[in-house]
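Since the structure comes first, as structure tokens, the remarks are kept for the end.
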Amino acid sequence: MDIEVVVASTAGFCSGVRQAIQGAQERLQENRKLYCLGDIIHNHDVIESLKGFGLVVTDRIEAIPDGSRFVVRTHGLQKEILQKAAAKELTVFDFTCPRVKKIYHLVTTLTEDGYHILIIGNPNHPEVQAISSLIGTDHTILQRPEEVPSFTIPEPNAIVVQTTFNPDIFLEILKRIVLRTKKTLVCNTLCGETLKRQQEARKLAGETDFIVVVGGKQSSNTKTLFAQIRNIVPAVHIENARELQKDCFRHVKKVGVISGASTPAQEVARVADRLSEF
Ligand code: SF4
């Protein structure tokens, strides 16, 4: 019996990633190398395709020749690295997502106003590292509820959150902080597009008997999506259609396909097509 396949309307690139990829593609049409620190998005196939047009991915700013063209990813970049880019006279194309830049603006003005900044997010994520670099030493990064300190948290304080952080963990951390403080300003900086994607995914999980999550294995928003969905319905996290295994779908009648923010719509369509053949 054929499997019914339902593709989420939110699947495919988010607006920030779409803008960054289009921007990089336009610059690469000029037939000159374009450097990037780390993968421009969490999608192997897209990166390989861009490399074919002259994108060079490196992990050290020092490895980029002076005067080169350089692209800043949607996550943004630490202040110190941007200063090094300026010293090397790189031509910088800044594709930091506007939602991330909004957090930059918030933490800068709130720090000037005397707030201690609490960043909720993964300290190893480039977005959090970029935000942290703008504040100096007077801030705290929290990733897990149990990390909320039992000692007095500096006040007044202001909370911002990594755009793609898990909203359930965010709320749990928030609850523990707010119960211990009197002057806490909460800035909900979770990405609205990501929340919408998660909302649709949960709805689809309630209407299907299996969910395929398509997205990079290192992608924060995809990992959150998968963690939320696997609690509701059997699910698998794949990067591309080639990873689909027919055996997993032997008893499945209706399958939902959702994706992380850096998965192209074409890859989602390939996954849906392959599932239809099972
Ligand atoms: S997931 Fe949201 S915050 Fe991240 S790049 Fe996309 S639109 Fe911007």
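Chain labels follow the order of the structure tokens: the first chain is A, the next B, and so on; residue numbering restarts at 1 in every chain, and ligands are counted from 1 in their shown order.
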Strand (DSSP E or B) residues, from DSSP on the backbone, in segment 36-264 of chain A, as JSON, numbers by chain: {"A": [36, 37, 55, 56, 57, 58, 69, 70, 71, 72, 91, 92, 93, 94, 116, 117, 118, 119, 120, 139, 140, 141, 142, 157, 158, 159, 160, 161, 184, 185, 186, 210, 211, 212, 213, 214, 235, 236, 237, 238, 254, 255, 256, 257, 258, 259]}
Can those selected residues be exported to a file as a compact mmCIF listing (two decimals), in the first residue's frame so that it contains N, CA and C atoms?
# COMPACT_ATOMS: atom_id res chain seq x y z
N CYS A 36 34.60 32.13 3.77
CA CYS A 36 33.62 32.04 4.86
C CYS A 36 34.27 31.30 6.03
N LEU A 37 34.01 31.77 7.25
CA LEU A 37 34.53 31.07 8.44
C LEU A 37 33.50 30.04 8.87
N LEU A 55 33.34 29.38 -3.45
CA LEU A 55 33.30 29.60 -2.00
C LEU A 55 34.44 28.80 -1.35
N VAL A 56 35.16 29.45 -0.45
CA VAL A 56 36.24 28.77 0.27
C VAL A 56 35.90 28.80 1.76
N VAL A 57 35.74 27.61 2.35
CA VAL A 57 35.40 27.53 3.77
C VAL A 57 36.66 27.25 4.57
N THR A 58 36.88 28.08 5.57
CA THR A 58 38.05 27.89 6.41
C THR A 58 37.63 28.04 7.88
N ARG A 69 37.58 38.73 -0.34
CA ARG A 69 36.15 38.96 -0.09
C ARG A 69 35.69 37.93 0.95
N PHE A 70 34.88 38.38 1.88
CA PHE A 70 34.57 37.56 3.05
C PHE A 70 33.09 37.67 3.40
N VAL A 71 32.48 36.53 3.71
CA VAL A 71 31.05 36.55 4.01
C VAL A 71 30.81 36.19 5.48
N VAL A 72 29.95 36.96 6.14
CA VAL A 72 29.56 36.66 7.53
C VAL A 72 28.25 35.87 7.49
N THR A 91 36.96 42.60 2.26
CA THR A 91 35.66 43.17 1.88
C THR A 91 34.60 42.27 2.49
N VAL A 92 33.85 42.83 3.45
CA VAL A 92 32.92 41.99 4.22
C VAL A 92 31.49 42.10 3.69
N PHE A 93 30.89 40.95 3.38
CA PHE A 93 29.46 40.90 3.04
C PHE A 93 28.76 40.30 4.26
N ASP A 94 28.02 41.13 4.94
CA ASP A 94 27.45 40.72 6.23
C ASP A 94 26.03 40.17 6.05
N HIS A 116 22.65 43.76 33.90
CA HIS A 116 23.51 42.58 33.75
C HIS A 116 22.78 41.67 32.75
N ILE A 117 23.47 41.26 31.70
CA ILE A 117 22.81 40.48 30.65
C ILE A 117 22.94 38.98 30.94
N LEU A 118 21.79 38.30 30.87
CA LEU A 118 21.78 36.83 30.97
C LEU A 118 21.43 36.30 29.57
N ILE A 119 22.37 35.59 28.97
CA ILE A 119 22.12 35.02 27.63
C ILE A 119 21.73 33.56 27.84
N ILE A 120 20.56 33.18 27.36
CA ILE A 120 20.17 31.77 27.44
C ILE A 120 20.47 31.14 26.08
N HIS A 139 28.31 39.64 31.98
CA HIS A 139 27.16 38.87 31.53
C HIS A 139 27.31 37.40 31.92
N THR A 140 26.21 36.66 31.80
CA THR A 140 26.21 35.24 32.16
C THR A 140 25.53 34.47 31.04
N ILE A 141 26.10 33.30 30.69
CA ILE A 141 25.46 32.44 29.68
C ILE A 141 24.92 31.21 30.39
N LEU A 142 23.67 30.88 30.14
CA LEU A 142 23.04 29.72 30.77
C LEU A 142 22.45 28.82 29.70
N ASN A 157 18.70 42.83 35.87
CA ASN A 157 19.25 42.01 34.79
C ASN A 157 18.25 41.89 33.65
N ALA A 158 18.78 41.59 32.48
CA ALA A 158 17.92 41.43 31.30
C ALA A 158 18.27 40.11 30.62
N ILE A 159 17.23 39.42 30.20
CA ILE A 159 17.42 38.11 29.58
C ILE A 159 17.20 38.21 28.07
N VAL A 160 18.14 37.63 27.31
CA VAL A 160 17.91 37.41 25.87
C VAL A 160 18.14 35.92 25.63
N VAL A 161 17.62 35.41 24.53
CA VAL A 161 17.75 33.98 24.26
C VAL A 161 18.21 33.75 22.82
N THR A 184 13.96 41.70 36.75
CA THR A 184 14.41 40.98 35.56
C THR A 184 13.59 41.42 34.36
N LEU A 185 14.29 41.84 33.31
CA LEU A 185 13.62 42.23 32.08
C LEU A 185 13.77 41.08 31.08
N VAL A 186 12.64 40.53 30.63
CA VAL A 186 12.73 39.39 29.73
C VAL A 186 12.50 39.86 28.29
N PHE A 210 4.31 8.93 11.45
CA PHE A 210 5.78 8.98 11.40
C PHE A 210 6.17 10.36 10.85
N ILE A 211 7.26 10.90 11.39
CA ILE A 211 7.75 12.20 10.87
C ILE A 211 9.21 12.06 10.42
N VAL A 212 9.48 12.60 9.24
CA VAL A 212 10.86 12.68 8.76
C VAL A 212 11.32 14.14 8.91
N VAL A 213 12.38 14.33 9.69
CA VAL A 213 12.93 15.67 9.88
C VAL A 213 14.16 15.79 8.99
N VAL A 214 14.16 16.74 8.07
CA VAL A 214 15.29 16.89 7.14
C VAL A 214 16.10 18.12 7.55
N ALA A 235 10.05 9.15 14.81
CA ALA A 235 10.63 10.13 13.87
C ALA A 235 12.07 9.76 13.54
N VAL A 236 12.54 10.29 12.42
CA VAL A 236 13.93 10.08 12.03
C VAL A 236 14.50 11.43 11.56
N HIS A 237 15.77 11.67 11.87
CA HIS A 237 16.43 12.91 11.44
C HIS A 237 17.45 12.56 10.36
N ILE A 238 17.24 13.06 9.16
CA ILE A 238 18.15 12.78 8.05
C ILE A 238 18.62 14.09 7.43
N LYS A 254 0.81 7.07 6.98
CA LYS A 254 0.85 8.51 6.68
C LYS A 254 2.09 9.12 7.32
N VAL A 255 2.93 9.74 6.51
CA VAL A 255 4.19 10.30 7.02
C VAL A 255 4.24 11.81 6.77
N GLY A 256 4.74 12.54 7.75
CA GLY A 256 4.91 13.99 7.61
C GLY A 256 6.38 14.30 7.34
N VAL A 257 6.63 15.31 6.49
CA VAL A 257 8.01 15.72 6.21
C VAL A 257 8.16 17.18 6.67
N ILE A 258 9.12 17.40 7.58
CA ILE A 258 9.39 18.76 8.04
C ILE A 258 10.89 19.02 7.86
N SER A 259 11.29 20.28 7.98
CA SER A 259 12.73 20.52 7.79
C SER A 259 13.24 21.62 8.69
Please, which residues of segment 181-271 of chain A, numbered as in this document, come out alpha helix (DSSP H) from DSSP, as a PDB file with N, CA and C atoms, in the first residue's frame?
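Output file part_8.pdb follows:
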ATOM      1  N   GLY A 192      10.648  33.905  15.514  1.00  0.00           N
ATOM      2  CA  GLY A 192       9.230  33.632  15.266  1.00  0.00           C
ATOM      3  C   GLY A 192       9.021  32.592  14.173  1.00  0.00           C
ATOM      4  N   GLU A 193       9.884  32.633  13.150  1.00  0.00           N
ATOM      5  CA  GLU A 193       9.743  31.650  12.051  1.00  0.00           C
ATOM      6  C   GLU A 193      10.011  30.239  12.567  1.00  0.00           C
ATOM      7  N   THR A 194      10.998  30.138  13.456  1.00  0.00           N
ATOM      8  CA  THR A 194      11.346  28.826  14.013  1.00  0.00           C
ATOM      9  C   THR A 194      10.198  28.307  14.889  1.00  0.00           C
ATOM     10  N   LEU A 195       9.601  29.204  15.660  1.00  0.00           N
ATOM     11  CA  LEU A 195       8.475  28.797  16.516  1.00  0.00           C
ATOM     12  C   LEU A 195       7.307  28.308  15.654  1.00  0.00           C
ATOM     13  N   LYS A 196       7.067  29.004  14.540  1.00  0.00           N
ATOM     14  CA  LYS A 196       5.973  28.622  13.635  1.00  0.00           C
ATOM     15  C   LYS A 196       6.241  27.231  13.039  1.00  0.00           C
ATOM     16  N   ARG A 197       7.496  27.013  12.690  1.00  0.00           N
ATOM     17  CA  ARG A 197       7.924  25.724  12.145  1.00  0.00           C
ATOM     18  C   ARG A 197       7.676  24.611  13.180  1.00  0.00           C
ATOM     19  N   GLN A 198       8.028  24.899  14.427  1.00  0.00           N
ATOM     20  CA  GLN A 198       7.837  23.901  15.503  1.00  0.00           C
ATOM     21  C   GLN A 198       6.352  23.646  15.757  1.00  0.00           C
ATOM     22  N   GLN A 199       5.567  24.712  15.688  1.00  0.00           N
ATOM     23  CA  GLN A 199       4.123  24.591  15.917  1.00  0.00           C
ATOM     24  C   GLN A 199       3.496  23.697  14.836  1.00  0.00           C
ATOM     25  N   GLU A 200       3.860  23.952  13.586  1.00  0.00           N
ATOM     26  CA  GLU A 200       3.304  23.144  12.490  1.00  0.00           C
ATOM     27  C   GLU A 200       3.767  21.686  12.605  1.00  0.00           C
ATOM     28  N   ALA A 201       5.019  21.508  13.024  1.00  0.00           N
ATOM     29  CA  ALA A 201       5.562  20.157  13.166  1.00  0.00           C
ATOM     30  C   ALA A 201       4.772  19.365  14.210  1.00  0.00           C
ATOM     31  N   ARG A 202       4.455  20.025  15.330  1.00  0.00           N
ATOM     32  CA  ARG A 202       3.691  19.332  16.396  1.00  0.00           C
ATOM     33  C   ARG A 202       2.303  18.959  15.892  1.00  0.00           C
ATOM     34  N   LYS A 203       1.691  19.859  15.127  1.00  0.00           N
ATOM     35  CA  LYS A 203       0.348  19.587  14.580  1.00  0.00           C
ATOM     36  C   LYS A 203       0.422  18.382  13.637  1.00  0.00           C
ATOM     37  N   LEU A 204       1.433  18.404  12.775  1.00  0.00           N
ATOM     38  CA  LEU A 204       1.600  17.317  11.801  1.00  0.00           C
ATOM     39  C   LEU A 204       1.887  15.989  12.513  1.00  0.00           C
ATOM     40  N   ALA A 205       2.633  16.068  13.606  1.00  0.00           N
ATOM     41  CA  ALA A 205       2.952  14.847  14.365  1.00  0.00           C
ATOM     42  C   ALA A 205       1.686  14.217  14.941  1.00  0.00           C
ATOM     43  N   GLY A 206       0.705  15.067  15.249  1.00  0.00           N
ATOM     44  CA  GLY A 206      -0.564  14.556  15.787  1.00  0.00           C
ATOM     45  C   GLY A 206      -1.448  13.945  14.713  1.00  0.00           C
ATOM     46  N   GLU A 207      -1.152  14.240  13.453  1.00  0.00           N
ATOM     47  CA  GLU A 207      -2.015  13.780  12.354  1.00  0.00           C
ATOM     48  C   GLU A 207      -1.393  12.664  11.521  1.00  0.00           C
ATOM     49  N   SER A 220      21.213  23.665  15.019  1.00  0.00           N
ATOM     50  CA  SER A 220      20.550  23.818  16.321  1.00  0.00           C
ATOM     51  C   SER A 220      19.033  23.746  16.182  1.00  0.00           C
ATOM     52  N   ASN A 221      18.483  24.469  15.193  1.00  0.00           N
ATOM     53  CA  ASN A 221      17.013  24.491  15.077  1.00  0.00           C
ATOM     54  C   ASN A 221      16.470  23.132  14.645  1.00  0.00           C
ATOM     55  N   THR A 222      17.245  22.379  13.833  1.00  0.00           N
ATOM     56  CA  THR A 222      16.783  21.045  13.418  1.00  0.00           C
ATOM     57  C   THR A 222      16.816  20.081  14.593  1.00  0.00           C
ATOM     58  N   LYS A 223      17.863  20.179  15.400  1.00  0.00           N
ATOM     59  CA  LYS A 223      17.979  19.278  16.557  1.00  0.00           C
ATOM     60  C   LYS A 223      16.829  19.528  17.547  1.00  0.00           C
ATOM     61  N   THR A 224      16.477  20.811  17.732  1.00  0.00           N
ATOM     62  CA  THR A 224      15.356  21.133  18.632  1.00  0.00           C
ATOM     63  C   THR A 224      14.055  20.561  18.077  1.00  0.00           C
ATOM     64  N   LEU A 225      13.864  20.742  16.767  1.00  0.00           N
ATOM     65  CA  LEU A 225      12.651  20.236  16.089  1.00  0.00           C
ATOM     66  C   LEU A 225      12.532  18.729  16.293  1.00  0.00           C
ATOM     67  N   PHE A 226      13.615  18.021  16.073  1.00  0.00           N
ATOM     68  CA  PHE A 226      13.625  16.559  16.205  1.00  0.00           C
ATOM     69  C   PHE A 226      13.347  16.153  17.663  1.00  0.00           C
ATOM     70  N   ALA A 227      13.991  16.854  18.609  1.00  0.00           N
ATOM     71  CA  ALA A 227      13.788  16.523  20.036  1.00  0.00           C
ATOM     72  C   ALA A 227      12.327  16.701  20.425  1.00  0.00           C
ATOM     73  N   GLN A 228      11.674  17.721  19.896  1.00  0.00           N
ATOM     74  CA  GLN A 228      10.270  17.961  20.240  1.00  0.00           C
ATOM     75  C   GLN A 228       9.362  16.896  19.622  1.00  0.00           C
ATOM     76  N   ILE A 229       9.623  16.547  18.362  1.00  0.00           N
ATOM     77  CA  ILE A 229       8.733  15.658  17.615  1.00  0.00           C
ATOM     78  C   ILE A 229       8.838  14.207  18.070  1.00  0.00           C
ATOM     79  N   ALA A 265      14.245  23.693  -0.223  1.00  0.00           N
ATOM     80  CA  ALA A 265      12.949  23.093  -0.569  1.00  0.00           C
ATOM     81  C   ALA A 265      13.147  21.921  -1.540  1.00  0.00           C
ATOM     82  N   GLN A 266      14.171  22.004  -2.406  1.00  0.00           N
ATOM     83  CA  GLN A 266      14.422  20.921  -3.373  1.00  0.00           C
ATOM     84  C   GLN A 266      14.763  19.615  -2.654  1.00  0.00           C
ATOM     85  N   GLU A 267      15.508  19.705  -1.539  1.00  0.00           N
ATOM     86  CA  GLU A 267      15.862  18.487  -0.795  1.00  0.00           C
ATOM     87  C   GLU A 267      14.618  17.901  -0.129  1.00  0.00           C
ATOM     88  N   VAL A 268      13.769  18.782   0.386  1.00  0.00           N
ATOM     89  CA  VAL A 268      12.504  18.331   1.006  1.00  0.00           C
ATOM     90  C   VAL A 268      11.668  17.597  -0.054  1.00  0.00           C
ATOM     91  N   ALA A 269      11.617  18.164  -1.253  1.00  0.00           N
ATOM     92  CA  ALA A 269      10.835  17.543  -2.340  1.00  0.00           C
ATOM     93  C   ALA A 269      11.416  16.182  -2.712  1.00  0.00           C
ATOM     94  N   ARG A 270      12.740  16.073  -2.732  1.00  0.00           N
ATOM     95  CA  ARG A 270      13.382  14.784  -3.050  1.00  0.00           C
ATOM     96  C   ARG A 270      13.005  13.729  -2.003  1.00  0.00           C
ATOM     97  N   VAL A 271      12.985  14.140  -0.742  1.00  0.00           N
ATOM     98  CA  VAL A 271      12.613  13.213   0.345  1.00  0.00           C
ATOM     99  C   VAL A 271      11.162  12.765   0.155  1.00  0.00           C
TER     100      VAL A 271
END
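Relative to atom CA of Cys97 of chain A, atom CA of Asp59 of chain A is found at 20.4 Å.
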Proximity check chain A to ligand 1, 6 Å, nearest pairs one decimal Å, only C-alpha atoms and all ligand atoms, as a tab-separated table:
residue	atom	partner	partner_atom_place_in_ligand_line	distance
A:Cys14	CA	ligand 1	6 (Fe)	4.6
A:Ser15	CA	ligand 1	7 (S)	5.1
A:Gly16	CA	ligand 1	5 (S)	4.0
A:Val17	CA	ligand 1	5 (S)	5.2
A:Thr74	CA	ligand 1	5 (S)	5.2
A:Cys97	CA	ligand 1	8 (Fe)	4.7
A:Arg99	CA	ligand 1	3 (S)	5.2
A:Val100	CA	ligand 1	3 (S)	6.0
A:Thr163	CA	ligand 1	3 (S)	5.1
A:Cys191	CA	ligand 1	2 (Fe)	4.6
A:Glu193	CA	ligand 1	2 (Fe)	5.7
A:Thr194	CA	ligand 1	1 (S)	5.6
A:Ala261	CA	ligand 1	1 (S)	5.5
Residue nearest Lys175 of chain A - candidates A:Asp247, A:Glu155, A:Glu146, A:Asp39, atoms counted: only C-alpha atoms: A:Glu146
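Comparing the minimum interatomic distances between Leu106 of chain A and each of A:Phe249, A:Leu244, A:Pro145, A:Cys187, counting only C-alpha atoms, we find that A:Cys187 sits nearest.
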Residues within 9 Å of Ile153 of chain A, only C-alpha atoms, excluding chain neighbours under 2 positions, as JSON, numbers by chain: {"A": [116, 148, 149, 150, 151, 155, 156, 157, 177, 180, 181]}
Would you output that residue set with N, CA and C atoms, as a short mmCIF file (atom, residue, chain, number, x, y, z; two decimals), in the first residue's frame?
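Final file, out.cif:
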data_model
loop_
_atom_site.label_atom_id
_atom_site.label_comp_id
_atom_site.auth_asym_id
_atom_site.auth_seq_id
_atom_site.Cartn_x
_atom_site.Cartn_y
_atom_site.Cartn_z
N HIS A 116 22.65 43.76 33.90
CA HIS A 116 23.51 42.58 33.75
C HIS A 116 22.78 41.67 32.75
N VAL A 148 21.15 27.52 36.61
CA VAL A 148 20.70 28.79 37.18
C VAL A 148 21.30 28.88 38.59
N PRO A 149 22.10 29.88 38.82
CA PRO A 149 22.85 29.92 40.08
C PRO A 149 21.94 30.06 41.29
N SER A 150 22.35 29.42 42.39
CA SER A 150 21.56 29.52 43.62
C SER A 150 21.92 30.80 44.38
N PHE A 151 23.07 31.40 44.03
CA PHE A 151 23.44 32.67 44.68
C PHE A 151 22.68 33.83 44.01
N GLU A 155 21.34 42.34 39.82
CA GLU A 155 20.13 43.05 39.39
C GLU A 155 20.44 44.54 39.23
N PRO A 156 19.74 45.24 38.32
CA PRO A 156 18.75 44.68 37.40
C PRO A 156 19.43 43.82 36.35
N ASN A 157 18.70 42.83 35.87
CA ASN A 157 19.25 42.01 34.79
C ASN A 157 18.25 41.89 33.65
N ILE A 177 14.88 31.69 37.08
CA ILE A 177 15.51 33.01 37.30
C ILE A 177 14.50 33.97 37.93
N ARG A 180 13.78 33.99 41.51
CA ARG A 180 14.86 34.38 42.42
C ARG A 180 15.18 35.87 42.34
N THR A 181 14.51 36.57 41.46
CA THR A 181 14.90 37.98 41.26
C THR A 181 13.68 38.91 41.34
#
